[in-house]
Structures are given as structure tokens and as C-alpha cells.
$ cat model_0.tsv   # TSV, C-alpha atoms
chain	number	residue	atom	x	y	z
A	1000	MET	CA	-71.85	-2.85	-26.55
A	1001	LYS	CA	-73.87	-0.52	-28.75
A	1002	ALA	CA	-72.68	2.89	-29.95
A	1003	ILE	CA	-73.11	5.66	-27.40
A	1004	LYS	CA	-76.08	7.87	-28.31
A	1005	ALA	CA	-76.90	9.78	-25.11
A	1006	ILE	CA	-75.04	11.56	-22.33
A	1007	ILE	CA	-76.96	11.77	-19.05
A	1008	PHE	CA	-75.77	14.11	-16.30
A	1009	ASP	CA	-76.30	14.48	-12.60
A	1010	LEU	CA	-76.86	18.10	-11.49
A	1011	ASP	CA	-75.44	18.91	-8.04
A	1012	ASN	CA	-71.64	18.70	-7.80
A	1013	THR	CA	-71.51	17.64	-11.44
A	1014	LEU	CA	-72.85	20.55	-13.49
A	1015	LEU	CA	-73.78	22.80	-10.59
A	1016	ASP	CA	-71.01	23.92	-8.23
A	1017	ARG	CA	-72.90	22.96	-5.11
A	1018	THR	CA	-70.17	24.10	-2.71
A	1019	SER	CA	-70.00	27.62	-4.15
A	1020	THR	CA	-73.78	27.80	-4.53
A	1021	PHE	CA	-74.50	26.94	-0.91
A	1022	ARG	CA	-71.74	29.22	0.38
A	1023	SER	CA	-73.23	32.07	-1.60
A	1024	PHE	CA	-76.66	31.31	-0.14
A	1025	THR	CA	-75.16	31.14	3.35
A	1026	ASN	CA	-73.72	34.63	2.91
A	1027	VAL	CA	-77.15	35.94	1.87
A	1028	PHE	CA	-78.72	34.15	4.84
A	1029	ILE	CA	-76.26	35.72	7.28
A	1030	GLU	CA	-76.65	39.19	5.76
A	1031	THR	CA	-80.42	38.88	6.19
A	1032	TYR	CA	-80.62	37.45	9.71
A	1033	PHE	CA	-77.32	38.27	11.41
A	1034	ASN	CA	-76.37	41.79	10.33
A	1035	HIS	CA	-76.29	42.67	14.04
A	1036	LEU	CA	-73.02	40.74	14.33
A	1037	GLU	CA	-69.59	42.03	13.33
A	1038	MET	CA	-67.92	38.61	13.06
A	1039	THR	CA	-69.88	35.95	11.17
A	1040	GLN	CA	-67.26	33.62	9.66
A	1041	GLU	CA	-67.72	31.03	12.40
A	1042	ILE	CA	-71.48	31.03	11.83
A	1043	CYS	CA	-70.96	30.65	8.09
A	1044	GLU	CA	-68.71	27.62	8.53
A	1045	ARG	CA	-71.09	26.07	11.05
A	1046	ILE	CA	-74.04	26.33	8.66
A	1047	ILE	CA	-72.02	24.80	5.84
A	1048	TYR	CA	-70.87	21.97	8.11
A	1049	LEU	CA	-74.39	21.18	9.31
A	1050	ASP	CA	-75.71	21.15	5.74
A	1051	GLN	CA	-73.57	18.06	5.02
A	1052	ASP	CA	-73.06	19.02	1.38
A	1053	GLY	CA	-76.81	19.10	0.83
A	1054	TYR	CA	-77.59	15.64	2.16
A	1055	LYS	CA	-79.17	16.82	5.40
A	1056	ASP	CA	-82.94	17.32	5.27
A	1057	LYS	CA	-83.57	21.07	5.20
A	1058	SER	CA	-86.30	20.90	7.84
A	1059	GLU	CA	-83.79	19.29	10.20
A	1060	LEU	CA	-81.08	21.76	9.21
A	1061	PHE	CA	-83.15	24.83	9.98
A	1062	SER	CA	-84.39	23.32	13.25
A	1063	GLN	CA	-80.75	23.02	14.29
A	1064	LEU	CA	-79.97	26.55	13.18
A	1065	ILE	CA	-82.90	27.92	15.18
A	1066	ASP	CA	-81.56	26.17	18.28
A	1067	GLU	CA	-77.89	27.01	17.81
A	1068	LEU	CA	-77.45	30.42	16.21
A	1069	PRO	CA	-77.31	33.78	18.06
A	1070	TRP	CA	-80.52	35.33	16.75
A	1071	SER	CA	-81.49	38.90	17.59
A	1072	GLY	CA	-85.03	39.76	18.66
A	1073	VAL	CA	-87.83	37.50	17.47
A	1074	ILE	CA	-86.51	34.15	16.25
A	1075	PRO	CA	-87.99	33.24	12.84
A	1076	GLN	CA	-90.17	30.19	12.48
A	1077	LYS	CA	-88.81	27.15	10.68
A	1078	LEU	CA	-91.37	27.59	7.90
A	1079	ASP	CA	-90.12	31.13	7.33
A	1080	LEU	CA	-86.57	29.88	6.95
A	1081	LEU	CA	-87.63	27.09	4.60
A	1082	ASN	CA	-89.48	29.62	2.45
A	1083	PHE	CA	-86.41	31.86	2.47
A	1084	TYR	CA	-84.30	28.93	1.32
A	1085	THR	CA	-86.72	28.02	-1.46
A	1086	THR	CA	-86.69	31.58	-2.77
A	1087	GLU	CA	-83.07	32.59	-2.30
A	1088	TYR	CA	-81.06	29.40	-2.76
A	1089	VAL	CA	-81.93	28.98	-6.43
A	1090	LYS	CA	-80.79	32.56	-7.10
A	1091	CYS	CA	-77.29	31.57	-5.97
A	1092	ALA	CA	-76.90	28.67	-8.42
A	1093	ILE	CA	-73.45	28.59	-10.06
A	1094	LEU	CA	-72.20	26.32	-12.83
A	1095	MET	CA	-69.04	24.31	-12.37
A	1096	ASP	CA	-66.15	26.08	-14.00
A	1097	ARG	CA	-66.16	25.13	-17.71
A	1098	ALA	CA	-69.39	23.10	-17.38
A	1099	ARG	CA	-70.88	25.25	-20.13
A	1100	GLU	CA	-68.03	24.17	-22.42
A	1101	VAL	CA	-68.67	20.50	-21.63
A	1102	ILE	CA	-72.41	20.81	-22.28
A	1103	THR	CA	-71.87	22.64	-25.56
A	1104	HIS	CA	-69.29	20.08	-26.69
A	1105	PHE	CA	-71.49	17.05	-26.00
A	1106	ARG	CA	-74.69	18.68	-27.22
A	1107	LYS	CA	-73.35	18.74	-30.79
A	1108	LYS	CA	-73.14	14.96	-31.02
A	1109	TYR	CA	-75.40	13.33	-28.44
A	1110	THR	CA	-78.87	13.29	-27.00
A	1111	MET	CA	-78.66	15.04	-23.63
A	1112	ALA	CA	-80.51	14.21	-20.43
A	1113	LEU	CA	-80.32	15.11	-16.75
A	1114	ILE	CA	-81.38	13.08	-13.70
A	1115	THR	CA	-81.27	14.79	-10.31
A	1116	ASN	CA	-82.40	13.99	-6.79
A	1117	GLY	CA	-84.21	16.75	-4.94
A	1118	GLN	CA	-87.31	18.86	-4.61
A	1119	THR	CA	-89.06	19.73	-7.84
A	1120	LEU	CA	-89.28	23.46	-7.18
A	1121	ILE	CA	-85.66	23.77	-6.03
A	1122	GLN	CA	-84.07	21.63	-8.76
A	1123	HIS	CA	-86.01	23.21	-11.60
A	1124	GLY	CA	-85.27	26.63	-10.13
A	1125	LYS	CA	-81.54	25.91	-10.20
A	1126	ILE	CA	-81.73	24.60	-13.76
A	1127	ASN	CA	-83.49	27.79	-14.86
A	1128	GLN	CA	-81.01	29.98	-12.99
A	1129	LEU	CA	-78.09	28.20	-14.64
A	1130	GLY	CA	-79.66	28.71	-18.05
A	1131	ILE	CA	-79.22	25.10	-19.14
A	1132	ARG	CA	-82.81	23.89	-19.55
A	1133	ASP	CA	-82.79	24.10	-23.35
A	1134	ASP	CA	-79.57	22.09	-23.53
A	1135	PHE	CA	-81.35	18.91	-22.42
A	1136	ASP	CA	-83.79	16.71	-24.26
A	1137	LEU	CA	-85.01	15.21	-20.99
A	1138	ILE	CA	-84.91	16.34	-17.34
A	1139	ILE	CA	-86.03	14.07	-14.49
A	1140	VAL	CA	-86.29	15.33	-10.89
A	1141	SER	CA	-86.73	12.64	-8.24
A	1142	GLU	CA	-89.60	14.29	-6.35
A	1143	GLU	CA	-91.85	14.53	-9.40
A	1144	ALA	CA	-90.68	11.12	-10.64
A	1145	GLY	CA	-91.64	9.48	-7.34
A	1146	VAL	CA	-88.33	7.64	-7.08
A	1147	LYS	CA	-84.75	8.76	-6.51
A	1148	LYS	CA	-81.24	7.62	-7.26
A	1149	PRO	CA	-79.76	5.05	-6.78
A	1150	ASN	CA	-83.04	3.22	-7.39
A	1151	PRO	CA	-82.64	1.71	-10.89
A	1152	ARG	CA	-86.19	2.74	-11.78
A	1153	ILE	CA	-85.30	6.41	-12.21
A	1154	PHE	CA	-82.57	5.50	-14.71
A	1155	GLU	CA	-84.97	3.14	-16.50
A	1156	MET	CA	-87.49	5.99	-16.78
A	1157	ALA	CA	-84.89	8.03	-18.62
A	1158	ILE	CA	-83.93	5.39	-21.17
A	1159	GLU	CA	-87.59	4.53	-21.76
A	1160	GLU	CA	-88.35	8.16	-22.49
A	1161	LEU	CA	-85.30	8.47	-24.73
A	1162	GLN	CA	-86.14	5.14	-26.41
A	1163	LEU	CA	-82.59	3.89	-25.96
A	1164	LYS	CA	-80.84	0.86	-24.51
A	1165	PRO	CA	-78.82	1.24	-21.27
A	1166	GLU	CA	-75.59	0.44	-23.10
A	1167	GLU	CA	-76.26	3.33	-25.49
A	1168	CYS	CA	-76.04	5.81	-22.62
A	1169	VAL	CA	-73.24	7.25	-20.51
A	1170	TYR	CA	-74.12	8.60	-17.06
A	1171	ILE	CA	-71.90	11.29	-15.53
A	1172	GLY	CA	-72.14	12.04	-11.80
A	1173	ASP	CA	-70.23	12.69	-8.60
A	1174	HIS	CA	-71.76	10.25	-6.11
A	1175	PRO	CA	-70.29	6.72	-6.14
A	1176	ILE	CA	-73.55	5.11	-5.01
A	1177	ASN	CA	-76.41	7.37	-6.09
A	1178	ASP	CA	-74.92	8.05	-9.52
A	1179	ILE	CA	-72.30	5.49	-10.50
A	1180	GLU	CA	-73.62	2.36	-8.84
A	1181	GLY	CA	-77.22	3.24	-9.64
A	1182	ALA	CA	-76.60	3.78	-13.36
A	1183	ALA	CA	-74.25	0.81	-13.67
A	1184	ARG	CA	-76.85	-1.53	-12.20
A	1185	ILE	CA	-79.03	-1.16	-15.29
A	1186	GLY	CA	-76.11	-1.45	-17.68
A	1187	MET	CA	-75.14	2.14	-18.42
A	1188	GLU	CA	-71.57	3.20	-18.96
A	1189	THR	CA	-70.54	5.62	-16.20
A	1190	ILE	CA	-68.10	8.45	-15.60
A	1191	TRP	CA	-67.36	9.31	-11.98
A	1192	ILE	CA	-66.52	12.97	-11.42
A	1193	LYS	CA	-64.58	12.89	-8.16
A	1194	VAL	CA	-65.48	16.44	-7.31
A	1195	LYS	CA	-63.78	16.61	-3.90
A	1196	ILE	CA	-60.49	15.76	-5.61
A	1197	LEU	CA	-61.08	18.00	-8.61
A	1198	PHE	CA	-61.46	21.05	-6.38
A	1199	GLU	CA	-57.76	20.69	-5.64
A	1200	TRP	CA	-56.80	20.70	-9.31
A	1201	SER	CA	-57.01	23.31	-12.02
A	1202	ALA	CA	-60.41	23.99	-13.54
A	1203	LYS	CA	-59.12	22.62	-16.84
A	1204	ILE	CA	-59.16	19.11	-15.38
A	1205	TRP	CA	-62.97	19.15	-15.18
A	1206	ILE	CA	-63.56	19.15	-18.93
A	1207	GLN	CA	-60.55	16.91	-19.58
A	1208	THR	CA	-61.92	14.29	-17.19
A	1209	CYS	CA	-65.32	14.23	-18.87
A	1210	CYS	CA	-63.98	14.15	-22.39
A	1211	GLU	CA	-61.20	11.65	-21.79
A	1212	GLN	CA	-63.42	9.21	-19.94
A	1213	LEU	CA	-66.09	9.53	-22.61
A	1214	LYS	CA	-63.46	8.75	-25.24
A	1215	ASN	CA	-62.62	5.59	-23.29
A	1216	CYS	CA	-66.29	4.59	-23.30
A	1217	LEU	CA	-66.53	5.20	-27.04
A	1218	ARG	CA	-63.29	3.29	-27.67
A	1219	LYS	CA	-64.65	0.26	-25.79
A	1220	SER	CA	-67.87	0.53	-27.77
A	1221	LEU	CA	-66.04	0.51	-31.09
A	1222	LEU	CA	-63.81	-2.39	-30.11
A	1223	LYS	CA	-66.85	-4.40	-29.04
A	1224	GLN	CA	-68.61	-3.72	-32.32
A	1225	GLY	CA	-65.49	-4.77	-34.22
A	1226	ASN	CA	-65.61	-8.14	-32.50
$ encode --input "model_0.tsv" --output "C-alpha cells"
Amino acid sequence: MKAIKAIIFDLDNTLLDRTSTFRSFTNVFIETYFNHLEMTQEICERIIYLDQDGYKDKSELFSQLIDELPWSGVIPQKLDLLNFYTTEYVKCAILMDRAREVITHFRKKYTMALITNGQTLIQHGKINQLGIRDDFDLIIVSEEAGVKKPNPRIFEMAIEELQLKPEECVYIGDHPINDIEGAARIGMETIWIKVKILFEWSAKIWIQTCCEQLKNCLRKSLLKQGN
């Protein structure tokens, strides 16, 4: 194993608090289209449920919302809702608690990269809103790359651009298949951020998990070199 030289992050549910971001967007959505209702909590929870933590296609999501929700007057077209999402969702982007601390800590010692699945406009919009673009030496978004995680090719594109070996990189993400399995298949070290569990812990655990697991990766690297 070679010495670790680069830390590569996922975006959604790793650096970006996707749950809080989408809930914030949902509140804006309801305020815009359902201000004729006094009670909207049930609608809010229904939208969040149908979104499936971001994995449902947005065209399908808004088709369902058009059919299900209690609209007043003229029902908006799906294209209008998609445009609203494109504009407003990125404005709601929120970093994971203490993610800034993690980025700053790693940035001092390692090359930094980010690989994220999603639409180019949306993902870059979130990155800009979070104010983290300049923290990364390389950013790859699946739509513009023409391939998405867990396809090994998107990870290979990153290491080729960084001019590094897979074993010189650590990939940090929340999805066991898209992130962890995908990166491991080309030989990267991986750190799995089990975000659904971490939400139940203190925010301090987030940075501890990243740092402690990275230390384990570095320890293995040093032991291997010693042999």
C-alpha cells in the first residue's frame, strides 16, 4: 500500500446535509404553492417520503405531486415545478454539521477531490452555495462526466486527473454501493459515513468518524510500507 496522498469525498449526505437541505426546500415549496392551507405538515412529510432521499427521478416526483397534492386554482405544469426546483433547491444547501472543520483539517495535508452523482447544474449550484468549490483540486459531476457511481470509470477518471494510484486515495461517502463498493472495486481505501446512524448521535461524531477512520487507513499504509 502506498502512502495516502488524496482524500476524495462524496457530496450528498456526506458533506451536504441532504435531509435538512431537502426539508428546507420543501418548506419553500409549500409556502409558494400551498399558502392557502392552514395545516401543511402532512403535505411536507408526504413530499419528503416520495423523494426517497433524493433517489427518485425529479420528473417522476413532480408528476406524483401534481396528481396527489391539494392545489388551489390552476395546477402548475411539471416543467414549471422542475424549473422551481432547479432554482430554489440549490439555495437551500446546508453543510453537514462540522463538515467545514473536516474539510479544513484534511485540506492542509492532502489533495482534495469530490465525486458526486447528479445533474450538472444542480450539483455545481449546491457546491457554490456551500462555499466549498475552492477547497477541492478536482470536482467530477456524473452528468457531465457521462458516467455515474458505482461505475468504476468515474473513480478512474478522478485518479487519472490527479495522477495518482488508487491505493494513494481514500474515498469518503455514505452509500454502501455507489460510494464504498464503487471506490473499493478499483483499489481505493474507503470510509463509510453511515449517515442514518450518525443523525442519532452528537454532531461531534461526524468529524471523529472521518478522522479516526482515516488514521486507520494511514496506519495500515505505514505498516505495509514497513514490511
$ residues_around --input "model_0.tsv" --residues "Pro1069 in chain A" --least-positions-apart "5" --cutoff "12 Å" --atoms "all atoms listed in the file" --output "PyMOL selection string"
chain A and resi 1029+1032-1036+1038-1039+1041-1042+1063-1064+1074-1075
$ residues_around --input "model_0.tsv" --residues "Gln1040 in chain A" --least-positions-apart "5" --cutoff "12 Å" --atoms "only C-alpha atoms" --output "PyMOL selection string"
chain A and resi 1022+1025-1026+1029-1030+1033+1045-1047
$ residues_around --input "model_0.tsv" --residues "Thr1018 in chain A" --least-positions-apart "3" --cutoff "10 Å" --atoms "all atoms listed in the file" --output "PyMOL selection string"
chain A and resi 1011-1012+1015+1021-1023+1047+1052-1053+1092-1093+1095+1195+1198
$ atom_distance --input "model_0.tsv" --atom1 "CA of Leu1080 in chain A" --atom2 "CA of Ile1126 in chain A"
21.9 Å
$ atom_distance --input "model_0.tsv" --atom1 "CA of Tyr1170 in chain A" --atom2 "CA of Gly1145 in chain A"
20.1 Å
$ residues_around --input "model_0.tsv" --residues "range 1147-1149 of chain A" --least-positions-apart "2" --cutoff "8 Å" --atoms "all atoms listed in the file" --output "PyMOL selection string"
chain A and resi 1115-1116+1141-1142+1144-1145+1151+1153-1154+1176-1178+1180-1182
$ atom_distance --input "model_0.tsv" --atom1 "CA of Thr1031 in chain A" --atom2 "CA of Lys1055 in chain A"
22.1 Å
$ closest_residue --input "model_0.tsv" --among "A:Ala1183, A:Cys1091, A:Ile1065, A:Leu1060" --to "Arg1017 in chain A" --atoms "all atoms listed in the file"
A:Cys1091
$ residues_around --input "model_0.tsv" --residues "Asp1136 in chain A" --least-positions-apart "4" --cutoff "9 Å" --atoms "only C-alpha atoms" --output "list in words"
Thr1110, Met1111, Ala1112, Leu1113, Arg1132 and Leu1161 of chain A
$ closest_residue --input "model_0.tsv" --among "A:Asp1134, A:Asp1079, A:Glu1087, A:Glu1037" --to "Ser1058 in chain A" --atoms "only C-alpha atoms"
A:Asp1079
$ closest_residue --input "model_0.tsv" --among "A:Glu1155, A:Glu1167, A:Asp1009, A:Glu1160" --to "Leu1137 in chain A" --atoms "all atoms listed in the file"
A:Glu1160
$ closest_residue --input "model_0.tsv" --among "A:His1104, A:Cys1168, A:Asp1173, A:Ser1071" --to "Gly1186 in chain A" --atoms "only C-alpha atoms"
A:Cys1168
$ closest_residue --input "model_0.tsv" --among "A:Ile1102, A:Leu1129, A:Val1027, A:Ile1171" --to "Tyr1084 in chain A" --atoms "all atoms listed in the file"
A:Val1027
$ closest_residue --input "model_0.tsv" --among "A:Val1089, A:Thr1013, A:Glu1100, A:Phe1135" --to "His1123 in chain A" --atoms "all atoms listed in the file"
A:Val1089
